[in-house]
Amino acid sequence: AKAGEGGPGGGGDSGSAVEPGGASWVAGGNGSAATGGGGGAGGSDAAPPSPMAAAGGKGGSGICVVRYKIGATTGTAKASGGEISFYGGKVIHTFTSSGTFTTPAGFNETCEVVSVGGGGGGAGGYQPQRYAGGGGGAGGVIVHPGVPISTPTEINHTVTIGAGGAGNQGSGPTSPSTWPTNRGQSGTATQFDWGGNWTFNSVGGGYGGGDKGPEGVAGGDGGSGGGGGDLISTGGEGQQPTTSLPGLPPGYNQYGSDGGNGSNSPTAVWRRG
């Protein structure tokens, strides 16, 4: 079987195992940077030479973009921070790492803002059985078409870019007490804060679940939930759509989905999150 393809938005490819009797260890792909994509799940078909051969992928880092109109002939940014570009009569501030969006005295603009949390890490496959882990969830997304920002004095707005969660190694635990930790790590939040007046809070994606013996480890809750691993496990809850954003002017939309459940197939080779 071939590795699965990542979903739209930079999710990592999932690992996969060959048919029974072969030996294949395919690690999950990493989520693309600055997309908040979740890491792919690791697949396994036999004990690999290294646990990392069937590891889950790392989640992609988040991003925050702030955009506002300028005069058609000026071509000059009215604020500073992030990577600055110009398109369609607008200034675009793109943050792919944490920084500061600084508005000078007299700044008075309606800004479009998009923020995406860091993606969750995928879980590794379990050896020597043919159990595969679940993929990490995507970071939560917030889109606001018009945030009024007016600063009579110079103001620094903190932008924190969420990190992608690490993927878990593709190795089975030896003790039941360690089974719940056979999973990836959740991503962290991307936040755009205006001095306590309001905060964009794009929740990091949930971790992908691995294996815990007779059943799989459930996927973690997050912006989008992580996928459940192995057999009869649940995907994590997508929490972004219900995340409270106190003080933020209305008009925004939030996006996040629940993670997929682990397979209910009794056939080991099909137990993939």
# chains A, B, ... in the order shown; residues from 1 in each chain; ligands from 1
$ select_by_dssp --residues "range 35-230 of chain A" --states "strand (DSSP E or B)" --output "number ranges by chain"
A: 43-44, 63-69, 80, 83-87, 90-95, 99-103, 107-116, 126, 131, 141-151, 155-160, 183, 190-194, 198-202, 209, 211, 216, 222
$ residues_around --residues "range 33-36 of chain A" --least-positions-apart "6" --cutoff "6 Å" --atoms "only C-alpha atoms" --output "list of chain:residue names"
A:Gly10, A:Gly60, A:Ser61, A:Gly62, A:Ile63, A:Thr96, A:Val116, A:Gly117, A:Gly118, A:Gly119, A:Ala138, A:Gly139
$ select_by_dssp --residues "range 87-179 of chain A" --states "helix (DSSP H, G or I)" --output "number ranges by chain"
A: 176-179
$ residues_around --residues "Gly99 in chain A" --least-positions-apart "6" --cutoff "7 Å" --atoms "only C-alpha atoms" --output "list in words"
Gly81, Gly82, Thr158, Val159 and Thr160 of chain A
$ write_last_selection --atoms "N, CA, C and O atoms" --output "compact mmCIF listing (two decimals), in the first residue's frame"
# COMPACT_ATOMS: atom_id res chain seq x y z
N GLY A 81 6.19 45.25 11.57
CA GLY A 81 6.16 43.92 12.15
C GLY A 81 5.86 42.85 11.13
O GLY A 81 5.09 43.05 10.19
N GLY A 82 6.49 41.70 11.28
CA GLY A 82 6.32 40.59 10.35
C GLY A 82 6.99 40.87 9.02
O GLY A 82 7.71 41.86 8.83
N THR A 158 1.33 42.05 20.66
CA THR A 158 2.14 40.83 20.70
C THR A 158 1.54 39.75 19.79
O THR A 158 0.35 39.46 19.85
N VAL A 159 2.39 39.17 18.96
CA VAL A 159 2.00 38.06 18.09
C VAL A 159 2.83 36.84 18.48
O VAL A 159 4.06 36.88 18.43
N THR A 160 2.15 35.79 18.89
CA THR A 160 2.82 34.54 19.28
C THR A 160 2.42 33.46 18.29
O THR A 160 1.23 33.17 18.14
$ residues_around --residues "range 190-201 of chain A" --least-positions-apart "4" --cutoff "10 Å" --atoms "only C-alpha atoms" --output "PDB file with C-alpha atoms, in the first residue's frame"
ATOM      1  CA  GLY A  36      -0.825  24.598  11.028  1.00  0.00           C
ATOM      2  CA  SER A  61       3.882  25.713  12.744  1.00  0.00           C
ATOM      3  CA  GLY A  62       1.124  28.321  12.764  1.00  0.00           C
ATOM      4  CA  ILE A  63       0.805  31.694  11.091  1.00  0.00           C
ATOM      5  CA  CYS A  64      -0.831  35.093  11.592  1.00  0.00           C
ATOM      6  CA  VAL A  65      -1.594  37.572   8.798  1.00  0.00           C
ATOM      7  CA  VAL A  66      -2.775  41.171   9.242  1.00  0.00           C
ATOM      8  CA  SER A  97       7.527  33.491  13.854  1.00  0.00           C
ATOM      9  CA  SER A  98       6.604  35.344  17.025  1.00  0.00           C
ATOM     10  CA  GLY A  99       7.029  39.113  16.979  1.00  0.00           C
ATOM     11  CA  THR A 100       5.322  42.464  17.447  1.00  0.00           C
ATOM     12  CA  PHE A 101       2.786  44.307  15.292  1.00  0.00           C
ATOM     13  CA  VAL A 113      -6.789  39.105  10.350  1.00  0.00           C
ATOM     14  CA  VAL A 114      -6.210  35.386   9.823  1.00  0.00           C
ATOM     15  CA  SER A 115      -4.573  33.257  12.515  1.00  0.00           C
ATOM     16  CA  VAL A 116      -3.789  29.535  12.551  1.00  0.00           C
ATOM     17  CA  GLY A 117      -2.532  27.465  15.505  1.00  0.00           C
ATOM     18  CA  GLY A 118       0.300  24.950  15.352  1.00  0.00           C
ATOM     19  CA  GLY A 139      -4.381  24.073  14.204  1.00  0.00           C
ATOM     20  CA  GLY A 140      -7.563  26.069  14.756  1.00  0.00           C
ATOM     21  CA  VAL A 141      -8.328  28.877  12.302  1.00  0.00           C
ATOM     22  CA  ILE A 142      -9.821  32.322  12.973  1.00  0.00           C
ATOM     23  CA  VAL A 143     -10.768  34.666  10.118  1.00  0.00           C
ATOM     24  CA  HIS A 144     -11.914  38.217  10.836  1.00  0.00           C
ATOM     25  CA  ILE A 149      -7.624  49.176  15.346  1.00  0.00           C
ATOM     26  CA  ILE A 155       1.080  50.468  20.640  1.00  0.00           C
ATOM     27  CA  ASN A 156       2.876  47.124  20.449  1.00  0.00           C
ATOM     28  CA  HIS A 157       0.579  44.175  19.753  1.00  0.00           C
ATOM     29  CA  THR A 158       2.136  40.831  20.703  1.00  0.00           C
ATOM     30  CA  VAL A 159       1.999  38.061  18.092  1.00  0.00           C
ATOM     31  CA  THR A 160       2.818  34.542  19.282  1.00  0.00           C
ATOM     32  CA  ILE A 161       3.112  31.862  16.614  1.00  0.00           C
ATOM     33  CA  GLY A 162       2.148  28.360  17.683  1.00  0.00           C
ATOM     34  CA  ALA A 163       4.624  25.514  17.345  1.00  0.00           C
ATOM     35  CA  GLY A 223      -8.221  23.365  17.323  1.00  0.00           C
ATOM     36  CA  GLN A 240     -11.851  26.034  17.859  1.00  0.00           C
ATOM     37  CA  THR A 243     -13.515  28.833  21.739  1.00  0.00           C
ATOM     38  CA  SER A 244     -14.427  32.036  23.596  1.00  0.00           C
ATOM     39  CA  LEU A 245     -12.730  35.209  22.345  1.00  0.00           C
ATOM     40  CA  PRO A 246     -13.661  37.916  24.895  1.00  0.00           C
ATOM     41  CA  GLY A 247     -13.693  41.463  23.609  1.00  0.00           C
ATOM     42  CA  LEU A 248     -13.064  40.580  19.973  1.00  0.00           C
ATOM     43  CA  PRO A 249     -15.501  42.526  17.765  1.00  0.00           C
TER      44      PRO A 249
END
$ residues_around --residues "Gly71 in chain A" --least-positions-apart "3" --cutoff "10 Å" --atoms "only C-alpha atoms" --output "list in words"
Thr74, Gly75, Thr76, Gly89, Lys90 and Val91 of chain A
$ write_last_selection --atoms "N, CA and C atoms" --output "mmCIF file, in the first residue's frame"
data_model
loop_
_atom_site.group_PDB
_atom_site.id
_atom_site.type_symbol
_atom_site.label_atom_id
_atom_site.label_comp_id
_atom_site.auth_asym_id
_atom_site.auth_seq_id
_atom_site.Cartn_x
_atom_site.Cartn_y
_atom_site.Cartn_z
ATOM 1 N N THR A 74 0.642 55.346 -2.539
ATOM 2 C CA THR A 74 1.656 55.523 -1.496
ATOM 3 C C THR A 74 2.631 54.352 -1.424
ATOM 4 N N GLY A 75 2.108 53.120 -1.386
ATOM 5 C CA GLY A 75 2.979 51.953 -1.295
ATOM 6 C C GLY A 75 3.803 51.932 -0.027
ATOM 7 N N THR A 76 3.276 52.505 1.053
ATOM 8 C CA THR A 76 4.018 52.589 2.306
ATOM 9 C C THR A 76 3.195 51.967 3.426
ATOM 10 N N GLY A 89 -3.570 47.137 -3.431
ATOM 11 C CA GLY A 89 -3.844 48.333 -2.639
ATOM 12 C C GLY A 89 -3.895 48.078 -1.149
ATOM 13 N N LYS A 90 -3.291 46.986 -0.689
ATOM 14 C CA LYS A 90 -3.284 46.652 0.733
ATOM 15 C C LYS A 90 -1.868 46.305 1.188
ATOM 16 N N VAL A 91 -1.603 46.563 2.463
ATOM 17 C CA VAL A 91 -0.372 46.122 3.110
ATOM 18 C C VAL A 91 -0.652 44.800 3.817
#
